[in-house]
Amino acid sequence: MSEPVVQVTDLVKRYGEIEAVRGVNFAVTAGETFGFLGPNGAGKSTTIKILCTLANPTRGSARVAGYDVVKDRDEVRRNIGLVFQDTTLDAYLTGEQNLRFHADLYGVPRPQLAPRLKQVLEMVNLWDRKDSVVSTYSGGMKRRLEIARGLLHAPRVLFLDEPTVGLDPQTRSSIWEYVNELKRREDITIFLTTHYMDEAEHCDRIAIIDHGKIVAIDTPENLKASVGKDRVQISTADDQAAIEEIGTRFGLDAAIREGLVTFSVAEGEQFVPRLFAELTEQIRSVSVARPTLDDVFMSYTGRTIRDSEATAGDKNRGMMMAMRRGR
Amino acid sequence: MTAQLTTESVDPVTAAIRVSVPERGLRQDLRAVRIVWYRELIRFKSDRLRAVTSLVQPVLFLFVLGTGLSSLAGHGLPPGISFKTFVYPGVLAMSVLFTAIFSAASIVWDREFGFLREMLVAPVSRSAIVIGKCLGGATVATFQGIIILALAGAAGVPYNATLFLTVIGELLLLSFTLTAFGVMMAARIKQMQAFMALTQMLVMPLFFLSGALYPLNGLPTWLTVLTRFDPLTYIVSPMRHAVFSHLSVSPAAASFLAPNVTWAGWQVPVGLSLGMVAVMGAALLGIAIAEFQKTE
């Protein structure tokens, strides 16, 4: 196999007291769509910032497109396209002016510029809006324009940091249409971060990151298969009593997740009739779910992503502040 | 939407456009300087309100303060020279003062709205971005000065090509230095409110101590010393010198009203005055570039 497009070795990033990334290793091969999945503050954005040369690692090394992110900063920059979670467009310029600005900064050769501009704008369906000022664009249009801009200089790796965060579900799915279209059309490696489980399914491979460490790395199918069990959630009159009873009667480890008594069991659909027959605690509602990436996350970290974001809130804020100060 | 995408994906053009980004070099950096500069012009053009509001203050100083004080200050002036004529060079300096600093403030906005990041991750040298920004701010501010320059007649200053070219050159130098100063501060100060508060705090003393509103001689010692420390002094004095050399006034009156800056009795030549401002601008630019080189 050829050299990986992204190669990360023992990467550590510390902001003052806080260790945002704690020894991360992975490699991404050419043409792959690689996803970084984890709750806010898990270290995703910090890793991406290092890979994009916006932050220096405290320890360890990273290579992108064959270049070291610290030593060959400019080479890395020429070969990557970036779409950040916060918009980085100039709202006072038109869509086209934003792209032309980018083309000049990246030195896109002038003869290639006009056709390339048209191509990327048509790809994201913004060609007819190119002369409008960006402040008149909707959130989804802005994100699409950023994707077009990220592709303008034909990068080898496109980084998408939470590309759909803050967008409504319909716009989110249209962004994915564009990304999938892009994978078909361009010879490009996509590296994305998300904390939406359903979005991670678009990836060829996923790394689950939690507290600055990678806890699992595989294809979505293999990760789900590794969990094996279905997830059952019930609500009862007395949840604590139900948890105890599930423990003693069936030997299953139940806990409150997202406000419901939750446990994993093989072949959940066959198990539900037994549950109703044997559990003395009255059941108000029940749901059975096939393993999802959320279950994968839970099986590796012991928490759902939503739970860890609720509890990690304060810690995150501290880290954000530290990052802001360090910027 | 989807149908349109599929029809386009068979477009043979799609595969044909292979973009290869060249190695970084001087030409690339110059292209980056040009586009960062050009963006400042586009933004200034689209922001007419800013252009108008930043003209209000100089116009007030020239016509309202200038006219209001002429009866009082008129006694000290030779016949035919009004107080408006006297403050005119100071008002020119004022007109670029605010615009130049506000242009630098746009870096703080760019950081807040993320656009700064787009510039900082580009494969060009950071100095290209900072130089482009300073040139952009200087151009826009000088343009504001030119509008005030167009009002020369109303201040009793003749429309003379040599005079105008001299003054425009001096305004350009001043605006560049001021923008470099602002950019250097914007590298450090990340909140807009703090930036504005700090510049307000600095700009007014700079203006009042520059001799824009009064002659530099016959001042009490403490004020004489302070005016000599104000960089703006070294540009207002040459501008006033240029204006008075194109008026019909006696040499005695001209040397009283538009004297060269003196250091303990020694007259600082105009060239040295301007040279000092240029050196200061270059130094500030250097610091600003160094500030933006840093990586997290």
# chains A, B, ... in the order shown; residues from 1 in each chain; ligands from 1
$ select_by_dssp --residues "range 134-193 of chain A" --states "helix (DSSP H, G or I)" --output "tab-separated table (two decimals) with C-alpha atoms, in the first residue's frame"
chain	number	residue	atom	x	y	z
A	134	VAL	CA	-22.38	36.35	1.43
A	135	SER	CA	-24.33	38.04	4.23
A	136	THR	CA	-27.49	37.30	2.21
A	139	GLY	CA	-26.42	28.92	6.85
A	140	GLY	CA	-26.48	25.97	4.46
A	141	MET	CA	-25.39	28.10	1.50
A	142	LYS	CA	-22.47	29.49	3.48
A	143	ARG	CA	-21.32	26.01	4.37
A	144	ARG	CA	-21.62	24.94	0.73
A	145	LEU	CA	-19.60	27.94	-0.36
A	146	GLU	CA	-16.93	27.01	2.16
A	147	ILE	CA	-16.81	23.49	0.77
A	148	ALA	CA	-16.44	24.93	-2.74
A	149	ARG	CA	-13.68	27.21	-1.53
A	150	GLY	CA	-11.92	24.37	0.27
A	151	LEU	CA	-11.82	22.47	-3.04
A	152	LEU	CA	-10.82	25.37	-5.27
A	169	PRO	CA	-31.66	18.33	9.36
A	170	GLN	CA	-32.68	18.95	5.75
A	171	THR	CA	-29.65	21.13	5.07
A	172	ARG	CA	-27.47	18.61	6.85
A	173	SER	CA	-28.55	15.85	4.52
A	174	SER	CA	-28.02	18.07	1.48
A	175	ILE	CA	-24.46	18.82	2.65
A	176	TRP	CA	-23.89	15.07	2.78
A	177	GLU	CA	-25.20	14.74	-0.77
A	178	TYR	CA	-22.53	17.19	-1.88
A	179	VAL	CA	-19.81	15.43	0.06
A	180	ASN	CA	-20.77	12.04	-1.36
A	181	GLU	CA	-20.90	13.55	-4.83
A	182	LEU	CA	-17.47	15.00	-4.25
A	183	LYS	CA	-16.06	11.60	-3.30
A	184	ARG	CA	-17.26	10.22	-6.63
A	185	ARG	CA	-15.85	13.10	-8.65
$ select_by_dssp --residues "range 169-279 of chain B" --states "strand (DSSP E or B)" --output "ChimeraX atom specification"
/B:262-263,266-267
$ atom_distance --atom1 "CA of Glu244 in chain A" --atom2 "CA of Leu293 in chain A"
27.0 Å
$ closest_atom_pairs --of "range 21-62 of chain B" --to "range 150-164 of chain B" --cutoff "12 Å" --atoms "only C-alpha atoms" --output "CSV"
residue,atom,partner,partner_atom,distance
B:Leu55,CA,B:Leu151,CA,11.7
B:Pro58,CA,B:Leu151,CA,11.1
B:Val59,CA,B:Leu151,CA,9.3
B:Phe61,CA,B:Ala155,CA,11.5
B:Leu62,CA,B:Ala155,CA,7.7
$ write_last_selection --atoms "N, CA and C atoms" --output "short mmCIF file (atom, residue, chain, number, x, y, z; two decimals), in the first residue's frame"
data_model
loop_
_atom_site.label_atom_id
_atom_site.label_comp_id
_atom_site.auth_asym_id
_atom_site.auth_seq_id
_atom_site.Cartn_x
_atom_site.Cartn_y
_atom_site.Cartn_z
N LEU B 55 -15.86 61.22 7.91
CA LEU B 55 -15.59 62.57 7.42
C LEU B 55 -16.23 63.63 8.30
N PRO B 58 -13.61 65.53 10.90
CA PRO B 58 -12.73 66.55 10.32
C PRO B 58 -13.49 67.77 9.80
N VAL B 59 -14.65 67.50 9.19
CA VAL B 59 -15.43 68.62 8.66
C VAL B 59 -15.90 69.54 9.79
N PHE B 61 -14.37 69.97 12.67
CA PHE B 61 -13.21 70.71 13.15
C PHE B 61 -12.85 71.85 12.22
N LEU B 62 -12.91 71.56 10.92
CA LEU B 62 -12.50 72.57 9.95
C LEU B 62 -13.49 73.72 9.90
#
$ residues_around --residues "Val56 in chain B" --least-positions-apart "6" --cutoff "12 Å" --atoms "only C-alpha atoms" --output "MDAnalysis selection string"
chainID B and resid 49:50 62:64 91 94:95 98:99 144 147:148
$ residues_around --residues "Gly228 in chain A" --least-positions-apart "6" --cutoff "10 Å" --atoms "only C-alpha atoms" --output "list in words"
Asn222, Ser264, Val265, Ala266, Glu267, Arg290, Pro291, Thr292, Asp295 and Val296 of chain A
$ write_last_selection --atoms "C-alpha atoms" --output "PDB file, in the first residue's frame"
ATOM      1  CA  ASN A 222     -17.149  -3.744  12.099  1.00  0.00           C
ATOM      2  CA  SER A 264     -27.789  -4.189  26.058  1.00  0.00           C
ATOM      3  CA  VAL A 265     -28.909  -7.704  25.280  1.00  0.00           C
ATOM      4  CA  ALA A 266     -28.426 -10.103  22.403  1.00  0.00           C
ATOM      5  CA  GLU A 267     -31.511 -10.563  20.201  1.00  0.00           C
ATOM      6  CA  ARG A 290     -30.237  -2.393  16.508  1.00  0.00           C
ATOM      7  CA  PRO A 291     -26.696  -1.453  17.457  1.00  0.00           C
ATOM      8  CA  THR A 292     -25.788   1.976  16.195  1.00  0.00           C
ATOM      9  CA  ASP A 295     -24.004   1.975  21.106  1.00  0.00           C
ATOM     10  CA  VAL A 296     -20.470   1.518  19.896  1.00  0.00           C
TER      11      VAL A 296
END
$ closest_atom_pairs --of "chain A" --to "chain B" --cutoff "7 Å" --atoms "only C-alpha atoms" --output "tab-separated table"
residue	atom	partner	partner_atom	distance
A:Leu54	CA	B:Thr295	CA	6.5
A:Ala55	CA	B:Glu296	CA	4.6
A:Asn56	CA	B:Glu296	CA	6.1
A:Asp74	CA	B:Pro123	CA	4.9
A:Arg77	CA	B:Pro123	CA	5.3
A:Arg78	CA	B:Pro123	CA	5.7
A:Asp86	CA	B:Gly114	CA	6.9
A:Thr87	CA	B:Gly114	CA	6.1
A:Thr88	CA	B:Gly114	CA	4.3
A:Leu89	CA	B:Phe115	CA	5.5
A:Asp90	CA	B:Phe115	CA	6.0
A:Tyr92	CA	B:Arg43	CA	6.6
A:Phe101	CA	B:Ile35	CA	6.2
A:Asp104	CA	B:Ala32	CA	5.8
A:Leu105	CA	B:Ala32	CA	5.0
A:Tyr106	CA	B:Pro123	CA	6.1
A:Gly107	CA	B:Gln28	CA	5.9
A:Val108	CA	B:Val21	CA	5.4
A:Pro109	CA	B:Val21	CA	6.9
A:Gln112	CA	B:Val19	CA	6.5
A:Arg116	CA	B:Ile17	CA	6.4
A:Gln119	CA	B:Thr14	CA	6.8
A:Met123	CA	B:Leu5	CA	6.9
A:His153	CA	B:Val19	CA	6.2
A:Ala154	CA	B:Val19	CA	5.7
A:Gly326	CA	B:Glu296	CA	6.2
A:Arg327	CA	B:Glu296	CA	5.5
$ residues_around --residues "range 194-203 of chain A" --least-positions-apart "3" --cutoff "6 Å" --atoms "only C-alpha atoms" --output "PyMOL selection string"
chain A and resi 33-35+37-39+162+293-294
$ atom_distance --atom1 "CA of Leu223 in chain B" --atom2 "CA of Thr262 in chain B"
13.1 Å
$ closest_residue --among "B:Gln200, B:Ser127, B:Gln191, B:Thr67" --to "Ile107 in chain B" --atoms "only C-alpha atoms"
B:Gln191
$ residues_around --residues "Ser285 in chain A" --least-positions-apart "6" --cutoff "8 Å" --atoms "only C-alpha atoms" --output "PyMOL selection string"
chain A and resi 234-236
